[in-house]
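Have a look at protein_2.cif; it's mmCIF, C-alpha atoms:
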data_input
#
loop_
_atom_site.label_atom_id
_atom_site.label_comp_id
_atom_site.auth_asym_id
_atom_site.auth_seq_id
_atom_site.Cartn_x
_atom_site.Cartn_y
_atom_site.Cartn_z
CA MET A 28 13.90 19.85 -2.32
CA HIS A 29 12.25 20.05 -5.76
CA GLN A 30 15.00 17.93 -7.34
CA GLU A 31 14.87 15.37 -4.52
CA MET A 32 11.09 15.17 -4.80
CA THR A 33 11.30 14.61 -8.57
CA GLU A 34 13.79 11.77 -8.09
CA LEU A 35 11.62 10.25 -5.35
CA LEU A 36 8.39 10.09 -7.41
CA PRO A 37 9.02 6.75 -9.18
CA ARG A 38 9.79 5.05 -5.87
CA LEU A 39 6.71 6.56 -4.24
CA ARG A 40 4.59 5.42 -7.18
CA ARG A 41 5.86 1.84 -6.87
CA PHE A 42 5.12 1.92 -3.15
CA ALA A 43 1.64 3.31 -3.81
CA TYR A 44 0.98 0.50 -6.28
CA SER A 45 2.21 -2.17 -3.88
CA VAL A 46 -0.09 -0.84 -1.18
CA THR A 47 -3.19 -0.29 -3.34
CA GLY A 48 -2.78 -3.13 -5.85
CA SER A 49 -4.24 -0.95 -8.60
CA MET A 50 -2.53 1.52 -10.92
CA PRO A 51 -5.45 4.00 -10.94
CA ASP A 52 -5.58 3.92 -7.13
CA ALA A 53 -1.79 4.16 -6.95
CA ASP A 54 -1.77 7.23 -9.20
CA ASP A 55 -4.50 8.85 -7.07
CA LEU A 56 -2.57 8.01 -3.91
CA LEU A 57 0.64 9.43 -5.38
CA GLN A 58 -1.11 12.64 -6.38
CA ASN A 59 -2.70 13.04 -2.95
CA THR A 60 0.65 12.34 -1.31
CA VAL A 61 2.49 14.93 -3.39
CA GLU A 62 -0.24 17.49 -2.71
CA ARG A 63 0.09 16.88 1.01
CA LEU A 64 3.91 17.01 0.86
CA LEU A 65 3.82 20.34 -0.95
CA ALA A 66 1.10 21.82 1.27
CA ARG A 67 2.91 21.06 4.52
CA GLU A 68 6.28 22.10 5.76
CA MET A 69 8.72 19.23 6.18
CA PRO A 70 9.86 18.80 9.78
CA GLY A 71 13.34 20.24 10.18
CA ASP A 72 14.90 17.02 11.45
CA ALA A 73 13.16 14.74 8.91
CA ASP A 74 14.69 12.91 5.98
CA LEU A 75 12.63 13.73 2.85
CA THR A 76 12.47 10.11 1.67
CA LYS A 77 11.30 8.68 4.98
CA TRP A 78 8.89 11.56 5.50
CA ALA A 79 7.39 11.13 2.01
CA PHE A 80 6.82 7.39 2.48
CA ARG A 81 5.26 8.00 5.88
CA VAL A 82 2.93 10.63 4.41
CA CYS A 83 2.01 8.23 1.58
CA ARG A 84 1.20 5.49 4.06
CA ASN A 85 -0.92 7.85 6.17
CA VAL A 86 -2.81 9.13 3.12
CA TRP A 87 -3.61 5.52 2.18
CA ILE A 88 -4.84 4.75 5.70
CA ASP A 89 -7.12 7.80 5.49
CA GLU A 90 -8.42 6.61 2.11
CA CYS A 91 -9.12 3.10 3.44
CA ARG A 92 -11.09 4.55 6.32
CA ALA A 93 -13.07 6.78 3.98
CA ARG A 94 -13.81 3.85 1.65
CA LYS A 95 -15.05 1.79 4.58
CA VAL A 96 -17.44 4.56 5.60
CA ARG A 97 -18.69 4.93 2.00
CA ARG A 98 -19.08 1.15 1.61
CA GLU A 99 -21.06 0.86 4.83
CA ALA A 100 -23.28 3.75 3.77
CA ALA A 101 -23.85 2.16 0.35
CA GLU A 102 -24.84 -1.14 1.93
CA ARG A 103 -27.70 0.45 3.79
CA PRO A 104 -30.86 -0.58 1.91
CA GLU A 105 -32.43 2.86 1.95
CA LEU A 106 -29.38 4.24 0.14
CA SER A 107 -28.89 1.47 -2.41
CA ASP A 108 -32.36 1.17 -3.99
CA GLY A 109 -32.12 1.35 -7.74
CA GLN A 110 -28.35 1.00 -7.95
CA VAL A 111 -27.05 -1.35 -10.64
CA VAL A 112 -23.79 -3.27 -10.36
CA ASP A 113 -21.83 -3.59 -13.61
CA GLY A 114 -20.89 -7.28 -13.55
CA GLU A 115 -18.76 -7.06 -16.68
CA GLN A 116 -16.61 -4.33 -15.19
CA GLN A 117 -16.27 -6.28 -11.94
CA THR A 118 -15.19 -9.41 -13.79
CA ALA A 119 -12.67 -7.51 -15.92
CA ARG A 120 -11.19 -5.97 -12.78
CA GLU A 121 -10.73 -9.39 -11.16
CA ILE A 122 -9.12 -10.88 -14.27
CA GLU A 123 -6.39 -8.23 -14.47
CA TRP A 124 -4.75 -9.32 -11.20
CA SER A 125 -1.66 -11.39 -11.74
CA ARG A 126 -0.66 -14.33 -9.52
CA VAL A 127 1.83 -12.31 -7.52
CA ASP A 128 -0.54 -9.40 -7.06
CA ALA A 129 -3.14 -11.83 -5.73
CA ALA A 130 -0.64 -13.32 -3.31
CA MET A 131 0.41 -9.85 -2.14
CA ALA A 132 -3.21 -8.88 -1.67
CA ARG A 133 -3.75 -11.79 0.70
CA LEU A 134 -1.05 -10.52 3.00
CA PRO A 135 -2.04 -8.40 5.97
CA GLU A 136 -1.47 -4.72 5.23
CA ASP A 137 1.41 -4.40 7.69
CA GLN A 138 3.26 -7.25 5.94
CA ARG A 139 2.47 -5.87 2.47
CA GLN A 140 3.87 -2.47 3.44
CA ILE A 141 7.07 -3.99 4.79
CA ILE A 142 7.58 -6.25 1.74
CA SER A 143 7.16 -3.19 -0.46
CA LEU A 144 9.52 -0.98 1.52
CA VAL A 145 12.25 -3.61 1.91
CA ALA A 146 12.04 -5.75 -1.24
CA ILE A 147 10.77 -3.24 -3.78
CA GLN A 148 12.00 0.10 -2.45
CA GLY A 149 15.24 -1.25 -1.00
CA PHE A 150 15.01 0.46 2.38
CA SER A 151 17.03 -0.90 5.26
CA TYR A 152 15.22 -2.53 8.15
CA GLN A 153 16.09 0.47 10.34
CA ALA A 154 14.67 2.93 7.79
CA VAL A 155 11.45 0.91 7.51
CA ALA A 156 11.19 0.83 11.29
CA GLU A 157 11.42 4.61 11.35
CA ILE A 158 8.91 5.07 8.51
CA LEU A 159 6.34 2.78 10.16
CA SER A 160 7.14 3.80 13.75
CA VAL A 161 7.86 0.24 14.86
CA ARG A 162 10.92 -1.55 16.20
CA LYS A 163 13.50 -3.06 13.87
CA GLY A 164 12.71 -6.53 15.26
CA THR A 165 9.05 -6.03 14.37
CA VAL A 166 10.06 -5.21 10.80
CA MET A 167 12.18 -8.36 10.62
CA SER A 168 9.49 -10.67 12.00
CA ARG A 169 6.73 -9.21 9.78
CA LEU A 170 9.01 -9.50 6.77
CA ALA A 171 9.79 -13.13 7.59
CA ARG A 172 6.08 -13.95 7.94
CA ALA A 173 5.31 -12.14 4.68
CA ARG A 174 8.01 -14.04 2.81
CA VAL A 175 6.75 -17.38 4.10
CA ALA A 176 3.16 -16.49 3.16
CA LEU A 177 4.19 -15.42 -0.34
CA SER A 178 6.30 -18.53 -0.80
CA GLU A 179 3.37 -20.73 0.22
CA ALA A 180 0.92 -18.86 -1.99
CA LEU A 181 3.17 -19.00 -5.05
CA ALA A 182 4.39 -22.59 -4.62
CA PRO A 183 2.95 -25.23 -6.96
CA VAL A 184 -0.05 -26.98 -5.43
CA THR A 185 1.88 -30.24 -5.02
CA MET A 186 4.58 -28.50 -2.96
CA ARG A 187 2.32 -26.65 -0.51
CA THR A 188 2.50 -27.70 3.10
CA ARG A 189 -0.84 -26.27 4.15
CA PRO A 190 -4.24 -27.13 2.64
#

As structure tokens:
Amino acid sequence: MHQEMTELLPRLRRFAYSVTGSMPDADDLLQNTVERLLAREMPGDADLTKWAFRVCRNVWIDECRARKVRREAAERPELSDGQVVDGEQQTAREIEWSRVDAAMARLPEDQRQIISLVAIQGFSYQAVAEILSVRKGTVMSRLARARVALSEALAPVTMRTRP
């Protein structure tokens, strides 16, 4: 399992980046995923690759929920008095996004996950369906919608069909 896990890390890291959109967040997600994989026993009937991607996805969902709770707590006036926002850092963070990353970020999370698993990771539709616990047809329709949305977002302004 150690050898398989080592070979799987680059693919998991790419998936983590595609889901988070940030290398620091992707590295944190990868580390948390590996910790969870090593701390828990793999189900006997599970494929390591599918199980690892599912764990990674679930860790990210947990992180998003935690961030939402922290953000809501920070927005409460009694908790935010005296806090200073670093505008320069915020601007630098926004500038580093490339055109494709921006287009990916506009996709709904379910479409972004499927694009990453199919187009970047090279999983079959059936494998993605198993990882995400959805039907194969759902994978295909979400992928088609994601491809159309990306095509529209990346098309030159004169070629776009929607305003």

For this session: Please evaluate the PyMOL selection byres ((chain A and resi 73-90) around 9) against the displayed coordinates and give the resulting residues as an MDAnalysis selection string.
Result: chainID A and resid 28 31:32 35 39 42:43 46:47 56:57 59:61 63:64 69:72 91:95 140 144 154:155 157:159

Exercise. Separation of atom CA of Ala130 of chain A and atom CA of Gly48 of chain A, in Å?
Worked result: 10.7 Å

For this session: Rounded to one decimal place, report the atom CA of Thr33 of chain A-atom CA of Asp54 of chain A distance in Å.
Result: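 Calculated distance between atom CA of Thr33 of chain A and atom CA of Asp54 of chain A is 15.0 Å.
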
Exercise. What separation in Å, quoted to one decimal, exists between atom CA of Glu99 of chain A and atom CA of Ile141 of chain A?
Worked result: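 For atom CA of Glu99 of chain A relative to atom CA of Ile141 of chain A, the distance reads 28.5 Å.
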
For this session: Would you kindly identify which residues have an atom no farther than 9 Å from (10.0, 0.3, -4.5), using all atoms listed in the file and the file's own coordinates, and write them out as a count of residues only?
Result: 16

For this session: Using the chain letters and numbers from the file, give me the residues hit by the PyMOL selection byres ((chain A and resi 174) around 12), as a ChimeraX atom specification.
Result: /A:130-131,134-135,138-139,141-143,145-146,167-173,175-182

For this session: Go through A:Leu36, A:Val166, A:Ala129, A:Val96 and flag the residue nearest Gln153 of chain A, using only C-alpha atoms for the distances.
Result: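 Residue with the minimum atom-to-atom distance to Gln153 of chain A: A:Val166.
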
Exercise. In terms of the shortest atom-to-atom distance over all atoms listed in the file, which of A:Arg162, A:Arg98, A:Asp128, A:Asp137 is closest to Met50 of chain A?
Worked result: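 The answer is A:Asp128, which sits nearest to Met50 of chain A.
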